[in-house]
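Note: the block below is entry.txt and it holds compact mmCIF, C-alpha atoms.
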# COMPACT_ATOMS: atom_id res chain seq x y z
CA MET R 1 -15.59 90.59 -36.78
CA SER R 2 -16.16 90.61 -33.04
CA LEU R 3 -19.67 91.16 -31.73
CA ASN R 4 -18.39 92.43 -28.39
CA ARG R 5 -17.45 95.84 -29.66
CA LYS R 6 -18.79 98.68 -31.77
CA LEU R 7 -18.28 98.24 -35.49
CA ARG R 8 -15.08 99.89 -36.68
CA ILE R 9 -15.18 102.19 -39.71
CA ALA R 10 -12.03 103.37 -41.50
CA ILE R 11 -12.49 106.61 -43.44
CA ASP R 12 -10.05 107.80 -46.09
CA MET R 13 -9.00 111.46 -46.25
CA ASP R 14 -8.10 112.62 -49.78
CA GLU R 15 -11.12 112.92 -52.09
CA VAL R 16 -13.34 111.52 -49.32
CA MET R 17 -13.04 113.90 -46.35
CA ALA R 18 -10.82 116.47 -48.09
CA ASP R 19 -11.41 117.95 -51.52
CA THR R 20 -7.92 117.45 -52.91
CA ILE R 21 -9.08 117.95 -56.50
CA ALA R 22 -10.56 121.37 -55.71
CA LYS R 23 -7.13 122.37 -54.39
CA PHE R 24 -5.46 121.08 -57.58
CA ILE R 25 -7.86 123.09 -59.72
CA THR R 26 -7.24 126.28 -57.73
CA LEU R 27 -3.49 125.72 -57.76
CA TYR R 28 -3.19 125.25 -61.54
CA ASP R 29 -5.40 128.25 -62.13
CA GLU R 30 -3.33 130.46 -59.82
CA ARG R 31 0.17 129.26 -60.70
CA HIS R 32 -0.25 128.41 -64.39
CA GLN R 33 -3.44 130.19 -65.47
CA THR R 34 -4.59 126.76 -66.58
CA LYS R 35 -8.28 126.03 -66.19
CA ILE R 36 -9.08 122.39 -65.47
CA SER R 37 -12.67 121.21 -65.62
CA LEU R 38 -14.00 118.40 -63.46
CA GLY R 39 -15.93 117.26 -66.53
CA ASP R 40 -12.64 116.37 -68.25
CA MET R 41 -11.72 114.01 -65.42
CA HIS R 42 -14.41 111.39 -66.01
CA GLY R 43 -12.63 108.11 -65.27
CA LYS R 44 -9.21 109.75 -65.21
CA GLU R 45 -6.61 110.82 -62.68
CA PHE R 46 -6.00 114.55 -62.36
CA ARG R 47 -2.45 114.25 -63.71
CA GLU R 48 -3.79 112.64 -66.89
CA ILE R 49 -5.76 115.72 -67.88
CA LEU R 50 -2.96 118.22 -67.24
CA PRO R 51 -1.26 119.69 -70.31
CA PRO R 52 1.85 117.55 -71.05
CA HIS R 53 4.32 120.26 -70.01
CA LEU R 54 2.71 120.39 -66.53
CA SER R 55 2.16 116.69 -65.87
CA ASN R 56 5.30 116.27 -63.75
CA SER R 57 4.57 119.31 -61.63
CA LEU R 58 1.72 117.68 -59.70
CA ARG R 59 4.02 115.46 -57.68
CA GLU R 60 6.19 118.47 -56.76
CA TYR R 61 3.18 120.37 -55.46
CA ILE R 62 1.98 117.41 -53.41
CA ASN R 63 5.45 117.20 -51.84
CA GLU R 64 5.39 120.82 -50.71
CA ARG R 65 4.97 121.44 -47.00
CA GLY R 66 1.55 122.97 -46.50
CA PHE R 67 -0.16 121.42 -49.51
CA PHE R 68 -2.51 119.28 -47.43
CA ARG R 69 -3.06 121.86 -44.68
CA ASP R 70 -5.75 124.01 -46.33
CA LEU R 71 -7.80 121.51 -48.34
CA PRO R 72 -11.53 122.24 -48.35
CA VAL R 73 -13.67 119.85 -46.31
CA MET R 74 -16.04 117.80 -48.46
CA PRO R 75 -19.68 118.97 -48.20
CA GLY R 76 -21.57 117.35 -45.34
CA CYS R 77 -18.52 115.44 -44.13
CA GLN R 78 -18.17 117.07 -40.70
CA ASP R 79 -21.76 116.44 -39.59
CA VAL R 80 -21.89 112.87 -40.86
CA VAL R 81 -18.49 111.87 -39.43
CA LYS R 82 -19.57 113.35 -36.09
CA ALA R 83 -22.74 111.26 -36.12
CA LEU R 84 -20.80 108.15 -37.21
CA HIS R 85 -18.34 108.79 -34.38
CA GLU R 86 -21.21 108.67 -31.88
CA LYS R 87 -22.52 105.35 -33.19
CA TYR R 88 -19.37 103.52 -34.34
CA ASP R 89 -15.67 103.27 -33.58
CA VAL R 90 -14.46 105.67 -36.28
CA TYR R 91 -10.87 105.66 -37.55
CA ILE R 92 -9.37 108.05 -40.07
CA ALA R 93 -6.95 106.15 -42.33
CA SER R 94 -4.87 108.00 -44.88
CA SER R 95 -2.22 106.56 -47.19
CA ALA R 96 -0.01 109.52 -46.29
CA MET R 97 3.37 107.89 -45.83
CA GLU R 98 4.52 108.52 -49.42
CA PHE R 99 4.65 112.26 -48.75
CA LYS R 100 6.66 113.13 -45.66
CA TYR R 101 5.49 116.70 -45.36
CA SER R 102 1.85 115.67 -45.55
CA LEU R 103 1.98 114.01 -42.12
CA GLU R 104 1.94 117.09 -39.88
CA ASP R 105 -0.37 118.94 -42.29
CA LYS R 106 -2.90 116.14 -42.25
CA LEU R 107 -2.79 115.85 -38.47
CA ASP R 108 -3.28 119.63 -38.08
CA TRP R 109 -6.10 119.56 -40.65
CA LEU R 110 -7.90 116.80 -38.75
CA ASN R 111 -7.44 118.57 -35.43
CA GLU R 112 -8.90 121.76 -36.93
CA HIS R 113 -11.92 120.30 -38.71
CA PHE R 114 -12.55 117.08 -36.74
CA PRO R 115 -11.39 117.88 -33.19
CA PHE R 116 -13.60 115.12 -31.76
CA ILE R 117 -11.40 112.47 -33.43
CA SER R 118 -8.78 111.34 -30.91
CA TRP R 119 -5.15 110.81 -31.94
CA THR R 120 -5.71 107.18 -31.01
CA ASN R 121 -8.06 106.85 -33.98
CA ILE R 122 -5.85 108.36 -36.69
CA ILE R 123 -3.78 106.11 -38.94
CA PHE R 124 -1.23 107.23 -41.52
CA CYS R 125 -0.02 104.32 -43.58
CA GLY R 126 0.75 102.96 -46.99
CA HIS R 127 -1.11 99.70 -47.53
CA LYS R 128 -4.32 99.80 -45.50
CA ILE R 129 -4.04 96.47 -43.69
CA LEU R 130 -6.67 97.37 -41.10
CA ASP R 131 -8.78 95.19 -38.85
CA VAL R 132 -12.00 97.14 -39.37
CA ASP R 133 -15.53 96.25 -40.41
CA VAL R 134 -16.30 99.00 -42.92
CA MET R 135 -13.98 100.95 -45.19
CA ILE R 136 -14.95 104.18 -46.97
CA ASP R 137 -12.42 104.92 -49.70
CA ASP R 138 -12.14 106.25 -53.25
CA ARG R 139 -9.31 103.86 -54.17
CA ILE R 140 -10.18 100.24 -54.91
CA LYS R 141 -6.54 99.23 -54.33
CA ASN R 142 -7.34 99.64 -50.63
CA PHE R 143 -10.10 97.04 -50.92
CA VAL R 144 -7.94 94.25 -52.39
CA THR R 145 -7.21 92.25 -49.23
CA PHE R 146 -10.01 93.77 -47.14
CA LYS R 147 -12.80 91.36 -46.21
CA GLY R 148 -15.26 93.80 -44.62
CA ARG R 149 -17.89 96.08 -46.17
CA LYS R 150 -16.41 98.30 -48.85
CA LEU R 151 -18.01 101.66 -49.68
CA LEU R 152 -16.47 103.22 -52.78
CA PHE R 153 -16.68 107.00 -52.38
CA THR R 154 -17.27 108.55 -55.77
CA SER R 155 -14.42 110.55 -57.23
CA PRO R 156 -13.92 111.42 -60.92
CA HIS R 157 -11.13 108.85 -61.31
CA ASN R 158 -13.33 105.94 -60.17
CA LEU R 159 -16.48 106.74 -62.16
CA LEU R 160 -15.99 103.84 -64.59
CA ILE R 161 -15.78 101.21 -61.83
CA ASN R 162 -18.98 99.25 -61.26
CA ASP R 163 -17.96 96.41 -58.97
CA PHE R 164 -18.44 97.99 -55.56
CA GLU R 165 -21.17 99.41 -53.34
CA ARG R 166 -20.92 103.12 -54.04
CA VAL R 167 -21.55 106.30 -52.05
CA ASN R 168 -21.69 109.50 -54.10
CA THR R 169 -21.86 111.96 -51.24
CA TRP R 170 -21.73 112.16 -47.45
CA ASP R 171 -25.54 112.15 -47.51
CA ASP R 172 -25.30 108.71 -49.11
CA VAL R 173 -22.96 107.59 -46.31
CA ALA R 174 -25.49 108.84 -43.74
CA THR R 175 -28.30 106.97 -45.49
CA LYS R 176 -26.36 103.70 -45.49
CA LEU R 177 -24.68 103.82 -42.09
CA LEU R 178 -26.95 106.00 -39.95
CA HIS R 179 -30.50 105.59 -41.25
CA GLU R 180 -30.68 102.01 -42.58
CA MET B 1 -5.55 84.64 -41.82
CA SER B 2 -5.31 84.07 -45.55
CA LEU B 3 -3.10 81.29 -46.80
CA ASN B 4 -2.68 82.93 -50.21
CA ARG B 5 -0.18 85.47 -49.02
CA LYS B 6 2.99 85.77 -46.95
CA LEU B 7 2.40 86.10 -43.24
CA ARG B 8 2.25 89.73 -42.14
CA ILE B 9 4.35 90.85 -39.18
CA ALA B 10 3.85 94.22 -37.48
CA ILE B 11 6.91 95.48 -35.62
CA ASP B 12 6.78 98.26 -33.05
CA MET B 13 9.44 101.00 -33.00
CA ASP B 14 10.05 102.45 -29.51
CA GLU B 15 11.85 100.05 -27.18
CA VAL B 16 11.70 97.34 -29.86
CA MET B 17 13.56 98.69 -32.91
CA ALA B 18 14.72 101.95 -31.29
CA ASP B 19 16.36 102.26 -27.86
CA THR B 20 14.22 105.09 -26.54
CA ILE B 21 15.28 104.41 -22.95
CA ALA B 22 18.98 104.81 -23.82
CA LYS B 23 18.11 108.25 -25.20
CA PHE B 24 16.21 109.15 -22.01
CA ILE B 25 19.20 108.12 -19.88
CA THR B 26 21.63 110.19 -21.98
CA LEU B 27 19.27 113.16 -21.98
CA TYR B 28 18.78 113.30 -18.19
CA ASP B 29 22.50 112.87 -17.65
CA GLU B 30 23.35 115.71 -20.07
CA ARG B 31 20.59 118.19 -19.20
CA HIS B 32 20.11 117.50 -15.48
CA GLN B 33 23.27 115.63 -14.41
CA THR B 34 20.86 112.96 -13.18
CA LYS B 35 22.06 109.37 -13.50
CA ILE B 36 19.28 106.88 -14.09
CA SER B 37 20.05 103.18 -13.86
CA LEU B 38 18.22 100.57 -15.93
CA GLY B 39 18.22 98.43 -12.79
CA ASP B 40 15.87 100.88 -11.07
CA MET B 41 13.31 100.43 -13.86
CA HIS B 42 12.38 96.81 -13.15
CA GLY B 43 8.63 96.71 -13.83
CA LYS B 44 8.36 100.49 -13.99
CA GLU B 45 7.97 103.20 -16.60
CA PHE B 46 10.89 105.59 -17.03
CA ARG B 47 8.89 108.56 -15.74
CA GLU B 48 8.19 106.68 -12.49
CA ILE B 49 11.86 106.54 -11.55
CA LEU B 50 12.64 110.18 -12.31
CA PRO B 51 13.13 112.47 -9.30
CA PRO B 52 9.74 114.13 -8.58
CA HIS B 53 10.87 117.59 -9.73
CA LEU B 54 11.71 116.17 -13.17
CA SER B 55 8.77 113.84 -13.72
CA ASN B 56 6.81 116.28 -15.87
CA SER B 57 9.77 117.09 -18.07
CA LEU B 58 9.74 113.76 -19.91
CA ARG B 59 6.65 114.60 -21.91
CA GLU B 60 8.16 117.93 -22.95
CA TYR B 61 11.29 116.25 -24.24
CA ILE B 62 9.29 113.68 -26.20
CA ASN B 63 7.36 116.54 -27.81
CA GLU B 64 10.53 118.25 -29.03
CA ARG B 65 11.21 118.10 -32.75
CA GLY B 66 14.22 115.85 -33.26
CA PHE B 67 13.77 113.70 -30.16
CA PHE B 68 13.02 110.54 -32.16
CA ARG B 69 15.51 111.27 -34.97
CA ASP B 70 18.72 110.04 -33.33
CA LEU B 71 17.60 107.07 -31.22
CA PRO B 72 20.08 104.20 -31.17
CA VAL B 73 19.03 101.10 -33.10
CA MET B 74 18.48 98.08 -30.86
CA PRO B 75 21.28 95.50 -31.09
CA GLY B 76 20.77 92.97 -33.88
CA CYS B 77 17.58 94.65 -35.08
CA GLN B 78 18.76 95.66 -38.56
CA ASP B 79 19.98 92.21 -39.59
CA VAL B 80 16.97 90.36 -38.20
CA VAL B 81 14.40 92.77 -39.67
CA LYS B 82 16.17 92.48 -43.04
CA ALA B 83 15.93 88.69 -42.88
CA LEU B 84 12.28 88.86 -41.75
CA HIS B 85 11.57 91.25 -44.64
CA GLU B 86 12.85 88.61 -47.08
CA LYS B 87 10.62 85.87 -45.64
CA TYR B 88 7.50 87.72 -44.50
CA ASP B 89 5.43 90.80 -45.32
CA VAL B 90 6.96 93.12 -42.72
CA TYR B 91 5.19 96.26 -41.49
CA ILE B 92 6.56 98.82 -39.08
CA ALA B 93 3.76 100.03 -36.81
CA SER B 94 4.36 102.83 -34.33
CA SER B 95 1.84 104.46 -32.04
CA ALA B 96 3.29 107.83 -33.06
CA MET B 97 0.20 109.95 -33.52
CA GLU B 98 0.23 111.35 -29.97
CA PHE B 99 3.41 113.31 -30.75
CA LYS B 100 3.11 115.40 -33.89
CA TYR B 101 6.80 116.14 -34.27
CA SER B 102 7.70 112.48 -33.99
CA LEU B 103 6.14 111.68 -37.38
CA GLU B 104 8.80 113.12 -39.70
CA ASP B 105 11.59 112.09 -37.32
CA LYS B 106 10.41 108.49 -37.23
CA LEU B 107 10.04 108.34 -41.00
CA ASP B 108 13.55 109.78 -41.49
CA TRP B 109 14.95 107.36 -38.89
CA LEU B 110 13.40 104.39 -40.67
CA ASN B 111 14.67 105.57 -44.05
CA GLU B 112 18.18 105.92 -42.62
CA HIS B 113 18.43 102.64 -40.74
CA PHE B 114 15.92 100.44 -42.59
CA PRO B 115 16.00 101.73 -46.20
CA PHE B 116 14.67 98.42 -47.50
CA ILE B 117 11.30 99.06 -45.80
CA SER B 118 8.99 100.70 -48.33
CA TRP B 119 6.74 103.63 -47.37
CA THR B 120 3.84 101.31 -48.18
CA ASN B 121 4.78 99.19 -45.15
CA ILE B 122 5.03 101.94 -42.53
CA ILE B 123 2.09 102.67 -40.24
CA PHE B 124 1.84 105.52 -37.73
CA CYS B 125 -1.25 105.18 -35.61
CA GLY B 126 -2.75 105.27 -32.18
CA HIS B 127 -4.65 102.06 -31.53
CA LYS B 128 -3.01 99.26 -33.49
CA ILE B 129 -6.07 97.81 -35.22
CA LEU B 130 -4.03 95.90 -37.79
CA ASP B 131 -4.92 92.92 -39.95
CA VAL B 132 -1.61 91.11 -39.43
CA ASP B 133 -0.62 87.62 -38.30
CA VAL B 134 2.20 88.39 -35.85
CA MET B 135 2.77 91.45 -33.69
CA ILE B 136 6.09 92.24 -31.97
CA ASP B 137 5.52 94.89 -29.32
CA ASP B 138 6.59 95.87 -25.81
CA ARG B 139 3.12 97.19 -24.85
CA ILE B 140 0.42 94.66 -24.00
CA LYS B 141 -2.28 97.29 -24.61
CA ASN B 142 -1.58 96.71 -28.30
CA PHE B 143 -2.45 93.02 -27.90
CA VAL B 144 -5.92 93.55 -26.39
CA THR B 145 -8.08 93.11 -29.50
CA PHE B 146 -5.41 91.38 -31.59
CA LYS B 147 -6.12 87.74 -32.42
CA GLY B 148 -2.80 86.78 -34.03
CA ARG B 149 0.50 85.66 -32.49
CA LYS B 150 1.73 88.12 -29.91
CA LEU B 151 5.45 88.42 -29.14
CA LEU B 152 6.10 90.62 -26.11
CA PHE B 153 9.48 92.29 -26.62
CA THR B 154 11.16 92.64 -23.27
CA SER B 155 11.52 96.15 -21.90
CA PRO B 156 12.08 97.10 -18.24
CA HIS B 157 8.47 98.27 -17.83
CA ASN B 158 7.01 94.89 -18.86
CA LEU B 159 9.31 92.60 -16.84
CA LEU B 160 6.59 91.67 -14.34
CA ILE B 161 4.16 90.47 -17.02
CA ASN B 162 4.03 86.70 -17.49
CA ASP B 163 1.02 86.10 -19.70
CA PHE B 164 2.58 86.39 -23.16
CA GLU B 165 5.12 84.67 -25.37
CA ARG B 166 8.24 86.72 -24.79
CA VAL B 167 11.28 87.71 -26.85
CA ASN B 168 14.15 89.23 -24.89
CA THR B 169 16.33 90.22 -27.83
CA TRP B 170 16.38 90.32 -31.63
CA ASP B 171 18.27 87.02 -31.49
CA ASP B 172 15.18 85.57 -29.80
CA VAL B 173 13.01 86.95 -32.60
CA ALA B 174 15.31 85.30 -35.16
CA THR B 175 15.10 82.00 -33.31
CA LYS B 176 11.30 82.07 -33.25
CA LEU B 177 10.52 83.49 -36.69
CA LEU B 178 13.49 82.53 -38.85
CA HIS B 179 14.91 79.31 -37.49
CA GLU B 180 11.92 77.41 -36.06

Let me see the structure of the file written as structure tokens.
Amino acid sequence: MSLNRKLRIAIDMDEVMADTIAKFITLYDERHQTKISLGDMHGKEFREILPPHLSNSLREYINERGFFRDLPVMPGCQDVVKALHEKYDVYIASSAMEFKYSLEDKLDWLNEHFPFISWTNIIFCGHKILDVDVMIDDRIKNFVTFKGRKLLFTSPHNLLINDFERVNTWDDVATKLLHE
Amino acid sequence: MSLNRKLRIAIDMDEVMADTIAKFITLYDERHQTKISLGDMHGKEFREILPPHLSNSLREYINERGFFRDLPVMPGCQDVVKALHEKYDVYIASSAMEFKYSLEDKLDWLNEHFPFISWTNIIFCGHKILDVDVMIDDRIKNFVTFKGRKLLFTSPHNLLINDFERVNTWDDVATKLLHE
């Protein structure tokens, strides 16, 4: 960590900035008349709680062009990321490379909802091998080789994990990174 | 730098893996019957040696879908990157985010010419804030906050720069990273 520069924060997109699960729930309701409850997801991935005959469909939907373009923004995210952006060197880092058609959608989504984030500060990758000081992510796999401060953003699939500093909401992020 | 893992190498795409300048030369010959010589580029950017009435066109061409899809591969690059991939943890890192339509093209190009590189090891970004040990790049701006080993890959625009360890060709990269 250099002391000559602002601290760098890397913020994940899916299930942190963007409510991917809300989109899944809407999609399975509309296309399959299948109601999925967030309560059923405690500690599980979304695909694990789908009826068996639908479990392979999730990957197909994620691979559709447009899937990531209209995700709802997580509550409070815009205001807090804006304030973080004024205090820190904020990067958006999404493990997007697995899904080719997500790349343009995610860039358009960021430009629509977070226009103050420059293209210079957007990273689409696989492994998050980033030289940053703080990482906000819902996936602990992204923390494995990361030596900085790790903030685990609560998502149903990670509710059973107790080994990391946790933020449940964007208000929690503000408390820890703006008000402390 | 951790000693528990393979060294990580980040390799740039344009003018390092992909011969972007060769594409520019072909394009201005075909569309404008304008012959550009590599010799005129010594220490200059390509746009600087275009006739004044064409200097703004370069950015338009780069923004066209498909521009980055058919770039020639730099001589020797495939074999050396394959050998590096077997010895090191190789990442491809391109400052692609400025040009939205380059993202899918660059991913398709990598999958065609470097199919052994996993999606997990591809990074499209702006600023290259990467936690890697070696960076191979033709742009010194990417070295500014990087503390690892910097290998400046020779390109006409950087010929007047003397402050970095230089590799002129992929054979030079092999000599330094495979045979030393």

Can you write out as a Markdown table which residues of chain R fall within 10 Å of chain B, alongside each residue's closest atom pair and its distance in Å to one decimal, counting all atoms listed in the file and ordering rows by chain and ascending residue number?
| residue | atom | partner | partner_atom | distance |
| --- | --- | --- | --- | --- |
| R:Ser2 | CA | B:Thr145 | CA | 9.2 |
| R:Arg5 | CA | B:Thr145 | CA | 9.8 |
| R:Arg8 | CA | B:Ile129 | CA | 9.4 |
| R:Tyr91 | CA | B:His127 | CA | 9.4 |
| R:Ile92 | CA | B:Cys125 | CA | 9.7 |
| R:Ala93 | CA | B:Cys125 | CA | 8.9 |
| R:Ser94 | CA | B:Ile123 | CA | 9.9 |
| R:Ser95 | CA | B:Thr120 | CA | 8.1 |
| R:Ala96 | CA | B:Trp119 | CA | 9.0 |
| R:Met97 | CA | B:Trp119 | CA | 5.6 |
| R:Glu98 | CA | B:Trp119 | CA | 5.7 |
| R:Phe99 | CA | B:Trp119 | CA | 9.0 |
| R:Lys100 | CA | B:Glu104 | CA | 6.3 |
| R:Tyr101 | CA | B:Glu104 | CA | 7.5 |
| R:Ser102 | CA | B:Glu104 | CA | 9.4 |
| R:Leu103 | CA | B:Leu103 | CA | 6.7 |
| R:Glu104 | CA | B:Lys100 | CA | 6.3 |
| R:Asp105 | CA | B:Lys100 | CA | 9.8 |
| R:Leu107 | CA | B:Lys100 | CA | 7.5 |
| R:Asp108 | CA | B:Lys100 | CA | 8.7 |
| R:Ser118 | CA | B:Gly126 | CA | 8.6 |
| R:Trp119 | CA | B:Met97 | CA | 5.6 |
| R:Thr120 | CA | B:Gly126 | CA | 3.7 |
| R:Asn121 | CA | B:Gly126 | CA | 5.8 |
| R:Ile122 | CA | B:Cys125 | CA | 5.7 |
| R:Ile123 | CA | B:Cys125 | CA | 4.3 |
| R:Phe124 | CA | B:Phe124 | CA | 5.2 |
| R:Cys125 | CA | B:Ile123 | CA | 4.3 |
| R:Gly126 | CA | B:Thr120 | CA | 3.7 |
| R:His127 | CA | B:Thr120 | CA | 5.2 |
| R:Lys128 | CA | B:Leu130 | CA | 8.6 |
| R:Ile129 | CA | B:Asp131 | CA | 5.2 |
| R:Leu130 | CA | B:Leu130 | CA | 4.5 |
| R:Asp131 | CA | B:Asp131 | CA | 4.6 |
| R:Val132 | CA | B:Ile129 | CA | 7.3 |
| R:Thr145 | CA | B:Ser2 | CA | 9.2 |
| R:Phe146 | CA | B:Asp131 | CA | 8.9 |

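Between atom CA of His32 of chain B and atom CA of Lys106 of chain B the interatomic distance comes to 25.5 Å.
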
- Query: Using all atoms listed in the file, which of R:Ile49, R:Leu178, R:Leu160, R:Met17 sits nearest Phe114 of chain R?
  - Reply: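 Smallest distance to Phe114 of chain R is found for R:Met17.
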
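With only C-alpha atoms taken into account, the protein and nucleic acid residues at most 10 Å from Pro75 of chain R (excluding it and anything under 5 positions from it in its own chain) are Val16, Met17, Ala18, Asp19, Val80, Thr169, Trp170 and Asp171 of chain R.
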
### Query
Which residues come within 12 Å of Leu152 of chain B, counting only C-alpha atoms, excluding same-chain residues fewer than 3 positions away, as a ChimeraX atom specification?
/B:11-12,15-16,134-143,149,155-170,172-173

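We find atom CA of Ala22 of chain R and atom CA of Asp89 of chain R to be spaced 29.0 Å apart.
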
(request) For atom CA of Ile117 of chain B and atom CA of Val90 of chain B, determine how far apart the two atoms are, in Å to one decimal place. (result)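 Between these atoms lies a distance of 8.0 Å.
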
What's around Leu50 of chain B at 9 Å? Count all atoms listed in the file, leave out sequence neighbours fewer than 6 positions away in its own chain, and write the answer as a list of chain:residue names.
B:Thr34, B:Ile36, B:Leu58

Between R:Ile21, R:Ala10, R:Ile62, R:Leu27, smallest distance to Lys44 of chain R by all atoms listed in the file belongs to R:Ile21

_R:Met13, R:Leu38, R:Leu7, R:Ala174 ranked by distance to Met74 of chain R, top pick (using all atoms listed in the file)_ =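 Among R:Met13, R:Leu38, R:Leu7, R:Ala174, it is R:Met13 that comes nearest to Met74 of chain R.
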